[in-house]
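Engineer: Following this line is input06.json, made up of JSON, N, CA and C atoms:
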```
[["chain", "number", "residue", "atom", "x", "y", "z"],
["A", 7, "MET", "N", -35.90, 13.70, -8.05],
["A", 7, "MET", "CA", -35.90, 14.23, -9.39],
["A", 7, "MET", "C", -35.91, 13.07, -10.38],
["A", 8, "GLU", "N", -36.40, 13.36, -11.57],
["A", 8, "GLU", "CA", -36.55, 12.33, -12.58],
["A", 8, "GLU", "C", -36.14, 12.87, -13.95],
["A", 9, "TRP", "N", -35.47, 12.04, -14.72],
["A", 9, "TRP", "CA", -35.08, 12.36, -16.09],
["A", 9, "TRP", "C", -35.58, 11.23, -16.99],
["A", 10, "THR", "N", -36.15, 11.59, -18.13],
["A", 10, "THR", "CA", -36.59, 10.62, -19.12],
["A", 10, "THR", "C", -35.88, 10.96, -20.42],
["A", 11, "PHE", "N", -35.26, 9.97, -21.02],
["A", 11, "PHE", "CA", -34.56, 10.19, -22.28],
["A", 11, "PHE", "C", -34.62, 8.93, -23.12],
["A", 12, "THR", "N", -34.42, 9.10, -24.39],
["A", 12, "THR", "CA", -34.39, 7.98, -25.34],
["A", 12, "THR", "C", -32.99, 7.90, -25.91],
["A", 13, "GLY", "N", -32.47, 6.69, -25.99],
["A", 13, "GLY", "CA", -31.13, 6.53, -26.52],
["A", 13, "GLY", "C", -30.90, 5.14, -27.08],
["A", 14, "GLU", "N", -29.78, 5.01, -27.77],
["A", 14, "GLU", "CA", -29.39, 3.73, -28.35],
["A", 14, "GLU", "C", -28.60, 2.93, -27.33],
["A", 15, "VAL", "N", -28.89, 1.64, -27.27],
["A", 15, "VAL", "CA", -28.14, 0.73, -26.41],
["A", 15, "VAL", "C", -26.79, 0.49, -27.07],
["A", 16, "ILE", "N", -25.73, 0.82, -26.34],
["A", 16, "ILE", "CA", -24.37, 0.70, -26.88],
["A", 16, "ILE", "C", -23.56, -0.27, -26.03],
["A", 17, "GLU", "N", -22.51, -0.81, -26.62],
["A", 17, "GLU", "CA", -21.60, -1.68, -25.88],
["A", 17, "GLU", "C", -20.35, -0.88, -25.53],
["A", 18, "TRP", "N", -19.90, -1.06, -24.32],
["A", 18, "TRP", "CA", -18.63, -0.47, -23.89],
["A", 18, "TRP", "C", -17.83, -1.60, -23.28],
["A", 19, "ARG", "N", -16.70, -1.84, -23.86],
["A", 19, "ARG", "CA", -15.88, -2.96, -23.36],
["A", 19, "ARG", "C", -14.99, -2.47, -22.22],
["A", 20, "GLY", "N", -15.16, -3.11, -21.11],
["A", 20, "GLY", "CA", -14.29, -2.91, -19.96],
["A", 20, "GLY", "C", -13.67, -4.27, -19.73],
["A", 21, "PRO", "N", -13.66, -4.74, -18.49],
["A", 21, "PRO", "CA", -13.17, -6.10, -18.22],
["A", 21, "PRO", "C", -14.03, -7.15, -18.92],
["A", 22, "ALA", "N", -15.29, -6.81, -19.19],
["A", 22, "ALA", "CA", -16.21, -7.69, -19.91],
["A", 22, "ALA", "C", -17.14, -6.78, -20.69],
["A", 23, "PRO", "N", -17.79, -7.27, -21.75],
["A", 23, "PRO", "CA", -18.69, -6.37, -22.49],
["A", 23, "PRO", "C", -19.93, -6.05, -21.67],
["A", 24, "TYR", "N", -20.31, -4.78, -21.67],
["A", 24, "TYR", "CA", -21.49, -4.31, -20.97],
["A", 24, "TYR", "C", -22.30, -3.45, -21.91],
["A", 25, "LEU", "N", -23.62, -3.40, -21.68],
["A", 25, "LEU", "CA", -24.48, -2.55, -22.48],
["A", 25, "LEU", "C", -24.94, -1.36, -21.65],
["A", 26, "PHE", "N", -25.01, -0.19, -22.29],
["A", 26, "PHE", "CA", -25.36, 1.06, -21.63],
["A", 26, "PHE", "C", -26.24, 1.90, -22.55],
["A", 27, "VAL", "N", -26.92, 2.88, -21.95],
["A", 27, "VAL", "CA", -27.60, 3.93, -22.69],
["A", 27, "VAL", "C", -27.06, 5.24, -22.13],
["A", 28, "ALA", "N", -26.63, 6.15, -23.02],
["A", 28, "ALA", "CA", -26.02, 7.41, -22.59],
["A", 28, "ALA", "C", -27.07, 8.51, -22.48],
["A", 29, "MET", "N", -26.97, 9.28, -21.40],
["A", 29, "MET", "CA", -27.78, 10.49, -21.26],
["A", 29, "MET", "C", -27.16, 11.56, -22.15],
["A", 30, "THR", "N", -27.91, 12.59, -22.48],
["A", 30, "THR", "CA", -27.34, 13.71, -23.22],
["A", 30, "THR", "C", -26.39, 14.47, -22.29],
["A", 31, "PRO", "N", -25.45, 15.22, -22.85],
["A", 31, "PRO", "CA", -24.55, 16.03, -22.00],
["A", 31, "PRO", "C", -25.32, 17.01, -21.11],
["A", 32, "GLU", "N", -26.40, 17.61, -21.64],
["A", 32, "GLU", "CA", -27.18, 18.58, -20.86],
["A", 32, "GLU", "C", -27.88, 17.91, -19.69],
["A", 33, "GLU", "N", -28.51, 16.76, -19.94],
["A", 33, "GLU", "CA", -29.17, 16.03, -18.86],
["A", 33, "GLU", "C", -28.15, 15.54, -17.84],
["A", 34, "SER", "N", -26.99, 15.13, -18.33],
["A", 34, "SER", "CA", -25.94, 14.64, -17.44],
["A", 34, "SER", "C", -25.48, 15.75, -16.50],
["A", 35, "GLU", "N", -25.34, 16.97, -17.03],
["A", 35, "GLU", "CA", -24.94, 18.10, -16.18],
["A", 35, "GLU", "C", -26.02, 18.41, -15.15],
["A", 36, "ASP", "N", -27.27, 18.39, -15.57],
["A", 36, "ASP", "CA", -28.39, 18.63, -14.66],
["A", 36, "ASP", "C", -28.41, 17.58, -13.55],
["A", 37, "LEU", "N", -28.21, 16.32, -13.92],
["A", 37, "LEU", "CA", -28.19, 15.25, -12.93],
["A", 37, "LEU", "C", -27.01, 15.42, -11.99],
["A", 38, "ARG", "N", -25.85, 15.76, -12.51],
["A", 38, "ARG", "CA", -24.65, 15.95, -11.68],
["A", 38, "ARG", "C", -24.92, 17.00, -10.60],
["A", 39, "GLU", "N", -25.56, 18.10, -10.99],
["A", 39, "GLU", "CA", -25.89, 19.15, -10.02],
["A", 39, "GLU", "C", -26.88, 18.66, -8.98],
["A", 40, "ALA", "N", -27.92, 17.94, -9.41],
["A", 40, "ALA", "CA", -28.95, 17.45, -8.50],
["A", 40, "ALA", "C", -28.43, 16.36, -7.57],
["A", 41, "ALA", "N", -27.39, 15.65, -7.99],
["A", 41, "ALA", "CA", -26.89, 14.50, -7.24],
["A", 41, "ALA", "C", -25.78, 14.84, -6.26],
["A", 42, "ARG", "N", -25.48, 16.12, -6.09],
["A", 42, "ARG", "CA", -24.42, 16.48, -5.13],
["A", 42, "ARG", "C", -24.70, 15.82, -3.79],
["A", 43, "GLY", "N", -23.69, 15.21, -3.21],
["A", 43, "GLY", "CA", -23.86, 14.52, -1.94],
["A", 43, "GLY", "C", -24.21, 13.05, -2.10],
["A", 44, "LEU", "N", -24.62, 12.64, -3.29],
["A", 44, "LEU", "CA", -24.93, 11.23, -3.53],
["A", 44, "LEU", "C", -23.82, 10.53, -4.31],
["A", 45, "VAL", "N", -22.99, 11.31, -5.00],
["A", 45, "VAL", "CA", -21.96, 10.76, -5.88],
["A", 45, "VAL", "C", -20.87, 10.07, -5.07],
["A", 46, "TYR", "N", -20.49, 8.87, -5.49],
["A", 46, "TYR", "CA", -19.38, 8.15, -4.89],
["A", 46, "TYR", "C", -18.54, 7.54, -6.01],
["A", 47, "TRP", "N", -17.24, 7.79, -5.95],
["A", 47, "TRP", "CA", -16.31, 7.31, -6.98],
["A", 47, "TRP", "C", -16.78, 7.74, -8.37],
["A", 48, "GLY", "N", -17.43, 8.89, -8.45],
["A", 48, "GLY", "CA", -17.91, 9.41, -9.73],
["A", 48, "GLY", "C", -19.24, 8.83, -10.17],
["A", 49, "GLN", "N", -19.74, 7.83, -9.46],
["A", 49, "GLN", "CA", -20.98, 7.17, -9.83],
["A", 49, "GLN", "C", -22.15, 7.77, -9.05],
["A", 50, "VAL", "N", -23.34, 7.71, -9.66],
["A", 50, "VAL", "CA", -24.54, 8.24, -9.04],
["A", 50, "VAL", "C", -25.54, 7.11, -8.85],
["A", 51, "PRO", "N", -25.96, 6.83, -7.60],
["A", 51, "PRO", "CA", -26.95, 5.77, -7.37],
["A", 51, "PRO", "C", -28.33, 6.20, -7.87],
["A", 52, "VAL", "N", -28.97, 5.33, -8.64],
["A", 52, "VAL", "CA", -30.26, 5.65, -9.24],
["A", 52, "VAL", "C", -31.18, 4.44, -9.28],
["A", 53, "ARG", "N", -32.46, 4.73, -9.53],
["A", 53, "ARG", "CA", -33.45, 3.71, -9.91],
["A", 53, "ARG", "C", -33.72, 3.98, -11.39],
["A", 54, "VAL", "N", -33.68, 2.93, -12.19],
["A", 54, "VAL", "CA", -33.87, 3.06, -13.63],
["A", 54, "VAL", "C", -35.07, 2.22, -14.04],
["A", 55, "THR", "N", -35.87, 2.76, -14.96],
["A", 55, "THR", "CA", -36.97, 2.00, -15.55],
["A", 55, "THR", "C", -36.76, 1.98, -17.06],
["A", 56, "ILE", "N", -36.77, 0.77, -17.62],
["A", 56, "ILE", "CA", -36.73, 0.57, -19.07],
["A", 56, "ILE", "C", -37.89, -0.37, -19.37],
["A", 57, "GLY", "N", -38.82, 0.10, -20.18],
["A", 57, "GLY", "CA", -40.01, -0.70, -20.43],
["A", 57, "GLY", "C", -40.77, -0.91, -19.13],
["A", 58, "GLY", "N", -41.09, -2.16, -18.83],
["A", 58, "GLY", "CA", -41.79, -2.48, -17.58],
["A", 58, "GLY", "C", -40.87, -2.93, -16.47],
["A", 59, "THR", "N", -39.57, -2.77, -16.66],
["A", 59, "THR", "CA", -38.59, -3.27, -15.69],
["A", 59, "THR", "C", -37.93, -2.11, -14.96],
["A", 60, "GLU", "N", -37.98, -2.16, -13.62],
["A", 60, "GLU", "CA", -37.33, -1.15, -12.79],
["A", 60, "GLU", "C", -36.23, -1.84, -11.98],
["A", 61, "PHE", "N", -35.08, -1.14, -11.84],
["A", 61, "PHE", "CA", -33.96, -1.74, -11.12],
["A", 61, "PHE", "C", -33.06, -0.66, -10.55],
["A", 62, "SER", "N", -32.29, -1.02, -9.54],
["A", 62, "SER", "CA", -31.30, -0.13, -8.94],
["A", 62, "SER", "C", -29.96, -0.34, -9.62],
["A", 63, "THR", "N", -29.23, 0.74, -9.81],
["A", 63, "THR", "CA", -27.90, 0.67, -10.39],
["A", 63, "THR", "C", -27.18, 1.98, -10.08],
["A", 64, "ALA", "N", -26.04, 2.17, -10.70],
["A", 64, "ALA", "CA", -25.32, 3.44, -10.58],
["A", 64, "ALA", "C", -24.92, 3.89, -11.98],
["A", 65, "LEU", "N", -25.09, 5.18, -12.24],
["A", 65, "LEU", "CA", -24.66, 5.75, -13.52],
["A", 65, "LEU", "C", -23.16, 5.97, -13.49],
["A", 66, "PHE", "N", -22.50, 5.73, -14.61],
["A", 66, "PHE", "CA", -21.06, 5.90, -14.74],
["A", 66, "PHE", "C", -20.77, 7.11, -15.61],
["A", 67, "PRO", "N", -19.84, 7.98, -15.19],
["A", 67, "PRO", "CA", -19.48, 9.12, -16.04],
["A", 67, "PRO", "C", -18.51, 8.68, -17.15],
["A", 68, "ARG", "N", -18.73, 9.21, -18.36],
["A", 68, "ARG", "CA", -17.80, 8.93, -19.46],
["A", 68, "ARG", "C", -17.97, 10.02, -20.52],
["A", 69, "ASP", "N", -16.90, 10.71, -20.81],
["A", 69, "ASP", "CA", -16.87, 11.73, -21.86],
["A", 69, "ASP", "C", -17.96, 12.80, -21.69],
["A", 70, "GLY", "N", -18.16, 13.27, -20.46],
["A", 70, "GLY", "CA", -19.12, 14.34, -20.20],
["A", 70, "GLY", "C", -20.57, 13.91, -20.15],
["A", 71, "ARG", "N", -20.80, 12.61, -20.16],
["A", 71, "ARG", "CA", -22.16, 12.07, -20.09],
["A", 71, "ARG", "C", -22.21, 10.98, -19.04],
["A", 72, "TYR", "N", -23.41, 10.71, -18.56],
["A", 72, "TYR", "CA", -23.59, 9.54, -17.70],
["A", 72, "TYR", "C", -24.12, 8.39, -18.53],
["A", 73, "LEU", "N", -23.60, 7.21, -18.25],
["A", 73, "LEU", "CA", -24.05, 5.98, -18.91],
["A", 73, "LEU", "C", -24.89, 5.19, -17.93],
["A", 74, "ALA", "N", -26.09, 4.77, -18.36],
["A", 74, "ALA", "CA", -26.96, 3.92, -17.56],
["A", 74, "ALA", "C", -26.73, 2.47, -17.98],
["A", 75, "PRO", "N", -26.23, 1.64, -17.04],
["A", 75, "PRO", "CA", -26.02, 0.23, -17.38],
["A", 75, "PRO", "C", -27.35, -0.48, -17.63],
["A", 76, "VAL", "N", -27.35, -1.38, -18.60],
["A", 76, "VAL", "CA", -28.54, -2.19, -18.88],
["A", 76, "VAL", "C", -28.18, -3.62, -18.46],
["A", 77, "LYS", "N", -28.66, -4.00, -17.28],
["A", 77, "LYS", "CA", -28.33, -5.32, -16.73],
["A", 77, "LYS", "C", -28.85, -6.43, -17.64],
["A", 78, "VAL", "N", -28.17, -7.59, -17.58],
["A", 78, "VAL", "CA", -28.55, -8.73, -18.41],
["A", 78, "VAL", "C", -30.00, -9.13, -18.15],
["A", 79, "ALA", "N", -30.43, -9.10, -16.90],
["A", 79, "ALA", "CA", -31.81, -9.45, -16.58],
["A", 79, "ALA", "C", -32.80, -8.50, -17.28],
["A", 80, "VAL", "N", -32.43, -7.23, -17.39],
["A", 80, "VAL", "CA", -33.27, -6.24, -18.07],
["A", 80, "VAL", "C", -33.25, -6.50, -19.58],
["A", 81, "GLN", "N", -32.08, -6.81, -20.12],
["A", 81, "GLN", "CA", -31.97, -7.13, -21.54],
["A", 81, "GLN", "C", -32.90, -8.28, -21.89],
["A", 82, "ARG", "N", -32.90, -9.30, -21.06],
["A", 82, "ARG", "CA", -33.75, -10.47, -21.32],
["A", 82, "ARG", "C", -35.23, -10.14, -21.12],
["A", 83, "ALA", "N", -35.56, -9.46, -20.03],
["A", 83, "ALA", "CA", -36.96, -9.15, -19.72],
["A", 83, "ALA", "C", -37.59, -8.26, -20.78],
["A", 84, "GLU", "N", -36.81, -7.33, -21.33],
["A", 84, "GLU", "CA", -37.32, -6.37, -22.29],
["A", 84, "GLU", "C", -36.96, -6.71, -23.74],
["A", 85, "ALA", "N", -36.27, -7.84, -23.94],
["A", 85, "ALA", "CA", -35.87, -8.30, -25.28],
["A", 85, "ALA", "C", -35.14, -7.20, -26.04],
["A", 86, "ILE", "N", -34.11, -6.63, -25.39],
["A", 86, "ILE", "CA", -33.32, -5.58, -26.04],
["A", 86, "ILE", "C", -31.86, -5.99, -26.10],
["A", 87, "GLY", "N", -31.17, -5.46, -27.08],
["A", 87, "GLY", "CA", -29.76, -5.72, -27.24],
["A", 87, "GLY", "C", -29.08, -4.50, -27.81],
["A", 88, "GLU", "N", -27.81, -4.66, -28.13],
["A", 88, "GLU", "CA", -27.04, -3.57, -28.70],
["A", 88, "GLU", "C", -27.73, -3.04, -29.95],
["A", 89, "GLY", "N", -27.82, -1.71, -30.05],
["A", 89, "GLY", "CA", -28.44, -1.07, -31.19],
["A", 89, "GLY", "C", -29.91, -0.74, -31.00],
["A", 90, "ALA", "N", -30.55, -1.31, -29.98],
["A", 90, "ALA", "CA", -31.96, -1.01, -29.72],
["A", 90, "ALA", "C", -32.09, 0.44, -29.27],
["A", 91, "ILE", "N", -33.21, 1.05, -29.59],
["A", 91, "ILE", "CA", -33.53, 2.40, -29.12],
["A", 91, "ILE", "C", -34.55, 2.23, -27.99],
["A", 92, "VAL", "N", -34.20, 2.74, -26.81],
["A", 92, "VAL", "CA", -35.07, 2.55, -25.64],
["A", 92, "VAL", "C", -35.33, 3.87, -24.93],
["A", 93, "GLU", "N", -36.46, 3.92, -24.24],
["A", 93, "GLU", "CA", -36.75, 5.05, -23.37],
["A", 93, "GLU", "C", -36.31, 4.65, -21.96],
["A", 94, "VAL", "N", -35.61, 5.56, -21.31],
["A", 94, "VAL", "CA", -35.05, 5.30, -19.99],
["A", 94, "VAL", "C", -35.56, 6.37, -19.03],
["A", 95, "VAL", "N", -36.03, 5.94, -17.87],
["A", 95, "VAL", "CA", -36.41, 6.86, -16.81],
["A", 95, "VAL", "C", -35.42, 6.66, -15.67],
["A", 96, "VAL", "N", -34.80, 7.75, -15.22],
["A", 96, "VAL", "CA", -33.80, 7.71, -14.17],
["A", 96, "VAL", "C", -34.29, 8.56, -13.00],
["A", 97, "ARG", "N", -34.22, 7.98, -11.79],
["A", 97, "ARG", "CA", -34.56, 8.71, -10.57],
["A", 97, "ARG", "C", -33.40, 8.56, -9.60],
["A", 98, "LEU", "N", -33.03, 9.66, -8.95],
["A", 98, "LEU", "CA", -31.98, 9.58, -7.94],
["A", 98, "LEU", "C", -32.40, 8.63, -6.84],
["A", 99, "ASN", "N", -31.45, 7.84, -6.37],
["A", 99, "ASN", "CA", -31.72, 6.86, -5.31],
["A", 99, "ASN", "C", -31.11, 7.37, -4.01],
["A", 100, "ALA", "N", -31.79, 8.30, -3.36],
["A", 100, "ALA", "CA", -31.28, 8.91, -2.14],
["A", 100, "ALA", "C", -31.15, 7.90, -1.01],
["A", 101, "ALA", "N", -31.83, 6.77, -1.09],
["A", 101, "ALA", "CA", -31.72, 5.74, -0.06],
["A", 101, "ALA", "C", -30.31, 5.16, 0.01],
["A", 102, "ARG", "N", -29.54, 5.31, -1.07],
["A", 102, "ARG", "CA", -28.18, 4.78, -1.11],
["A", 102, "ARG", "C", -27.18, 5.77, -0.54],
["A", 103, "ARG", "N", -27.65, 6.91, -0.08],
["A", 103, "ARG", "CA", -26.73, 7.93, 0.46],
["A", 103, "ARG", "C", -25.95, 7.32, 1.61],
["A", 104, "GLY", "N", -24.61, 7.53, 1.56],
["A", 104, "GLY", "CA", -23.72, 6.93, 2.53],
["A", 104, "GLY", "C", -23.70, 7.67, 3.79]]
```
Here is a file; write its structure as structure tokens.
Structural biologist:
Amino acid sequence: MEWTFTGEVIEWRGPAPYLFVAMTPEESEDLREAARGLVYWGQVPVRVTIGGTEFSTALFPRDGRYLAPVKVAVQRAEAIGEGAIVEVVVRLNAARRG
């Protein structure tokens, strides 16, 4: 399955600052249903495409939405930072099934 959404790159401070793009609550619920059996520790393994860059990661749940991490290598490759509006394509990564 695949989800495409546009969102603002936001910072969420945890142990270190990280950048994320949030899915809508509706898309997050749809993904949660589709990802049954893939979820581990609340995270969903996915393949993400932003611009011309594709990478593996895991979506994190927060406040009823999933957050897609934007790795530093992706930030550099796509010249994006906090506040940028980006299109994100998310595909379930069934290969990571435990």
Engineer: Would you mind telling me which residue in A:Ile16, A:Ala83, A:Val50, A:Leu44 lies nearest to Pro67 (chain A) when using only C-alpha atoms?
Structural biologist: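 The answer is A:Val50, which sits nearest to Pro67 (chain A).
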Engineer: Between CA of Ile56 (chain A) and CA of Ile86 (chain A), what is the spacing in Å?
Structural biologist: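 Result for CA of Ile86 (chain A) versus CA of Ile56 (chain A): 9.9 Å, one decimal.
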Engineer: Write out as a PyMOL selection string the set of residues from chain A that DSSP, computed on the backbone, places in strand (DSSP E).
Structural biologist: chain A and resi 8-19+23-28+50-56+59-68+71-75+91-98
Engineer: Residues around (-24.9, 5.2, -16.6), cut-off 7 Å, counting only C-alpha atoms - what are they as a list in words?
Structural biologist: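 The distance filter leaves exactly Phe26, Val27, Ala28, Ala64, Leu65, Phe66, Pro67, Tyr72, Leu73, Ala74 and Pro75 of chain A.
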Engineer: Using CA of Val80 (chain A) and atom N of Glu8 (chain A) as the two end points, give the distance in Å to one decimal.
Structural biologist: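 Value for the CA of Val80 (chain A)-atom N of Glu8 (chain A) distance: 20.9 Å.
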Engineer: Just list as a PDB file with N, CA and C atoms, in the coordinates of the input whatever in chain A DSSP marks as alpha helix (DSSP H).
Structural biologist:
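Dumped to out.pdb:
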```pdb
ATOM      1  N   PRO A  31     -25.450  15.220 -22.850  1.00  0.00           N
ATOM      2  CA  PRO A  31     -24.550  16.030 -22.000  1.00  0.00           C
ATOM      3  C   PRO A  31     -25.320  17.010 -21.110  1.00  0.00           C
ATOM      4  N   GLU A  32     -26.400  17.610 -21.640  1.00  0.00           N
ATOM      5  CA  GLU A  32     -27.180  18.580 -20.860  1.00  0.00           C
ATOM      6  C   GLU A  32     -27.880  17.910 -19.690  1.00  0.00           C
ATOM      7  N   GLU A  33     -28.510  16.760 -19.940  1.00  0.00           N
ATOM      8  CA  GLU A  33     -29.170  16.030 -18.860  1.00  0.00           C
ATOM      9  C   GLU A  33     -28.150  15.540 -17.840  1.00  0.00           C
ATOM     10  N   SER A  34     -26.990  15.130 -18.330  1.00  0.00           N
ATOM     11  CA  SER A  34     -25.940  14.640 -17.440  1.00  0.00           C
ATOM     12  C   SER A  34     -25.480  15.750 -16.500  1.00  0.00           C
ATOM     13  N   GLU A  35     -25.340  16.970 -17.030  1.00  0.00           N
ATOM     14  CA  GLU A  35     -24.940  18.100 -16.180  1.00  0.00           C
ATOM     15  C   GLU A  35     -26.020  18.410 -15.150  1.00  0.00           C
ATOM     16  N   ASP A  36     -27.270  18.390 -15.570  1.00  0.00           N
ATOM     17  CA  ASP A  36     -28.390  18.630 -14.660  1.00  0.00           C
ATOM     18  C   ASP A  36     -28.410  17.580 -13.550  1.00  0.00           C
ATOM     19  N   LEU A  37     -28.210  16.320 -13.920  1.00  0.00           N
ATOM     20  CA  LEU A  37     -28.190  15.250 -12.930  1.00  0.00           C
ATOM     21  C   LEU A  37     -27.010  15.420 -11.990  1.00  0.00           C
ATOM     22  N   ARG A  38     -25.850  15.760 -12.510  1.00  0.00           N
ATOM     23  CA  ARG A  38     -24.650  15.950 -11.680  1.00  0.00           C
ATOM     24  C   ARG A  38     -24.920  17.000 -10.600  1.00  0.00           C
ATOM     25  N   GLU A  39     -25.560  18.100 -10.990  1.00  0.00           N
ATOM     26  CA  GLU A  39     -25.890  19.150 -10.020  1.00  0.00           C
ATOM     27  C   GLU A  39     -26.880  18.660  -8.980  1.00  0.00           C
ATOM     28  N   ALA A  40     -27.920  17.940  -9.410  1.00  0.00           N
ATOM     29  CA  ALA A  40     -28.950  17.450  -8.500  1.00  0.00           C
ATOM     30  C   ALA A  40     -28.430  16.360  -7.570  1.00  0.00           C
ATOM     31  N   VAL A  78     -28.170  -7.590 -17.580  1.00  0.00           N
ATOM     32  CA  VAL A  78     -28.550  -8.730 -18.410  1.00  0.00           C
ATOM     33  C   VAL A  78     -30.000  -9.130 -18.150  1.00  0.00           C
ATOM     34  N   ALA A  79     -30.430  -9.100 -16.900  1.00  0.00           N
ATOM     35  CA  ALA A  79     -31.810  -9.450 -16.580  1.00  0.00           C
ATOM     36  C   ALA A  79     -32.800  -8.500 -17.280  1.00  0.00           C
ATOM     37  N   VAL A  80     -32.430  -7.230 -17.390  1.00  0.00           N
ATOM     38  CA  VAL A  80     -33.270  -6.240 -18.070  1.00  0.00           C
ATOM     39  C   VAL A  80     -33.250  -6.500 -19.580  1.00  0.00           C
ATOM     40  N   GLN A  81     -32.080  -6.810 -20.120  1.00  0.00           N
ATOM     41  CA  GLN A  81     -31.970  -7.130 -21.540  1.00  0.00           C
ATOM     42  C   GLN A  81     -32.900  -8.280 -21.890  1.00  0.00           C
ATOM     43  N   ARG A  82     -32.900  -9.300 -21.060  1.00  0.00           N
ATOM     44  CA  ARG A  82     -33.750 -10.470 -21.320  1.00  0.00           C
ATOM     45  C   ARG A  82     -35.230 -10.140 -21.120  1.00  0.00           C
ATOM     46  N   ALA A  83     -35.560  -9.460 -20.030  1.00  0.00           N
ATOM     47  CA  ALA A  83     -36.960  -9.150 -19.720  1.00  0.00           C
ATOM     48  C   ALA A  83     -37.590  -8.260 -20.780  1.00  0.00           C
ATOM     49  N   GLU A  84     -36.810  -7.330 -21.330  1.00  0.00           N
ATOM     50  CA  GLU A  84     -37.320  -6.370 -22.290  1.00  0.00           C
ATOM     51  C   GLU A  84     -36.960  -6.710 -23.740  1.00  0.00           C
TER      52      GLU A  84
END
```
Engineer: May I have the residues within 8 Å of Glu35 (chain A) as a compact mmCIF listing (two decimals) with N, CA and C atoms, in the coordinates of the input, using all atoms listed in the file and disregarding those fewer than 4 positions away in the same chain?
Structural biologist:
```txt
# COMPACT_ATOMS: atom_id res chain seq x y z
N MET A 29 -26.97 9.28 -21.40
CA MET A 29 -27.78 10.49 -21.26
C MET A 29 -27.16 11.56 -22.15
N THR A 30 -27.91 12.59 -22.48
CA THR A 30 -27.34 13.71 -23.22
C THR A 30 -26.39 14.47 -22.29
N PRO A 31 -25.45 15.22 -22.85
CA PRO A 31 -24.55 16.03 -22.00
C PRO A 31 -25.32 17.01 -21.11
N GLU A 39 -25.56 18.10 -10.99
CA GLU A 39 -25.89 19.15 -10.02
C GLU A 39 -26.88 18.66 -8.98
N ALA A 40 -27.92 17.94 -9.41
CA ALA A 40 -28.95 17.45 -8.50
C ALA A 40 -28.43 16.36 -7.57
N ALA A 41 -27.39 15.65 -7.99
CA ALA A 41 -26.89 14.50 -7.24
C ALA A 41 -25.78 14.84 -6.26
N GLY A 70 -18.16 13.27 -20.46
CA GLY A 70 -19.12 14.34 -20.20
C GLY A 70 -20.57 13.91 -20.15
N ARG A 71 -20.80 12.61 -20.16
CA ARG A 71 -22.16 12.07 -20.09
C ARG A 71 -22.21 10.98 -19.04
N TYR A 72 -23.41 10.71 -18.56
CA TYR A 72 -23.59 9.54 -17.70
C TYR A 72 -24.12 8.39 -18.53
```
Engineer: Set up a box along x, y and z of the file covering all listed atoms of region 22-41 of chain A, add 4 Å on every one of the six sides, and write the centre and edge lengths in Å to one decimal, as JSON.
Structural biologist:
```
{"center_x": -22.2, "center_y": 5.7, "center_z": -14.7, "size_x": 21.9, "size_y": 34.8, "size_z": 25.0}
```
Engineer: Figure out the distance between CA of Val92 (chain A) and atom N of Glu14 (chain A), please, to one decimal in Å.
Structural biologist: 6.2 Å
Engineer: Near Thr59 (chain A), counting only C-alpha atoms, which residues have an atom at most 12 Å away, once you skip same-chain residues fewer than 4 positions from it, shown as JSON, numbers by chain?
Structural biologist: {"A": [53, 54, 55, 76, 77, 78, 79, 80, 81, 82, 83, 84, 85, 86, 93, 94, 95]}
Engineer: Write out the residues from the selection above, keeping N, CA and C atoms, as a short mmCIF file (atom, residue, chain, number, x, y, z; two decimals), in the frame of the given file.
Structural biologist:
```
data_model
loop_
_atom_site.label_atom_id
_atom_site.label_comp_id
_atom_site.auth_asym_id
_atom_site.auth_seq_id
_atom_site.Cartn_x
_atom_site.Cartn_y
_atom_site.Cartn_z
N ARG A 53 -32.46 4.73 -9.53
CA ARG A 53 -33.45 3.71 -9.91
C ARG A 53 -33.72 3.98 -11.39
N VAL A 54 -33.68 2.93 -12.19
CA VAL A 54 -33.87 3.06 -13.63
C VAL A 54 -35.07 2.22 -14.04
N THR A 55 -35.87 2.76 -14.96
CA THR A 55 -36.97 2.00 -15.55
C THR A 55 -36.76 1.98 -17.06
N VAL A 76 -27.35 -1.38 -18.60
CA VAL A 76 -28.54 -2.19 -18.88
C VAL A 76 -28.18 -3.62 -18.46
N LYS A 77 -28.66 -4.00 -17.28
CA LYS A 77 -28.33 -5.32 -16.73
C LYS A 77 -28.85 -6.43 -17.64
N VAL A 78 -28.17 -7.59 -17.58
CA VAL A 78 -28.55 -8.73 -18.41
C VAL A 78 -30.00 -9.13 -18.15
N ALA A 79 -30.43 -9.10 -16.90
CA ALA A 79 -31.81 -9.45 -16.58
C ALA A 79 -32.80 -8.50 -17.28
N VAL A 80 -32.43 -7.23 -17.39
CA VAL A 80 -33.27 -6.24 -18.07
C VAL A 80 -33.25 -6.50 -19.58
N GLN A 81 -32.08 -6.81 -20.12
CA GLN A 81 -31.97 -7.13 -21.54
C GLN A 81 -32.90 -8.28 -21.89
N ARG A 82 -32.90 -9.30 -21.06
CA ARG A 82 -33.75 -10.47 -21.32
C ARG A 82 -35.23 -10.14 -21.12
N ALA A 83 -35.56 -9.46 -20.03
CA ALA A 83 -36.96 -9.15 -19.72
C ALA A 83 -37.59 -8.26 -20.78
N GLU A 84 -36.81 -7.33 -21.33
CA GLU A 84 -37.32 -6.37 -22.29
C GLU A 84 -36.96 -6.71 -23.74
N ALA A 85 -36.27 -7.84 -23.94
CA ALA A 85 -35.87 -8.30 -25.28
C ALA A 85 -35.14 -7.20 -26.04
N ILE A 86 -34.11 -6.63 -25.39
CA ILE A 86 -33.32 -5.58 -26.04
C ILE A 86 -31.86 -5.99 -26.10
N GLU A 93 -36.46 3.92 -24.24
CA GLU A 93 -36.75 5.05 -23.37
C GLU A 93 -36.31 4.65 -21.96
N VAL A 94 -35.61 5.56 -21.31
CA VAL A 94 -35.05 5.30 -19.99
C VAL A 94 -35.56 6.37 -19.03
N VAL A 95 -36.03 5.94 -17.87
CA VAL A 95 -36.41 6.86 -16.81
C VAL A 95 -35.42 6.66 -15.67
#
```
Engineer: Between A:Leu25, A:Gly13, A:Ile91, A:Thr63, single out the one closest to Pro51 (chain A), counting all atoms listed in the file.
Structural biologist: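 Among the listed residues, the smallest separation from Pro51 (chain A) belongs to A:Thr63.
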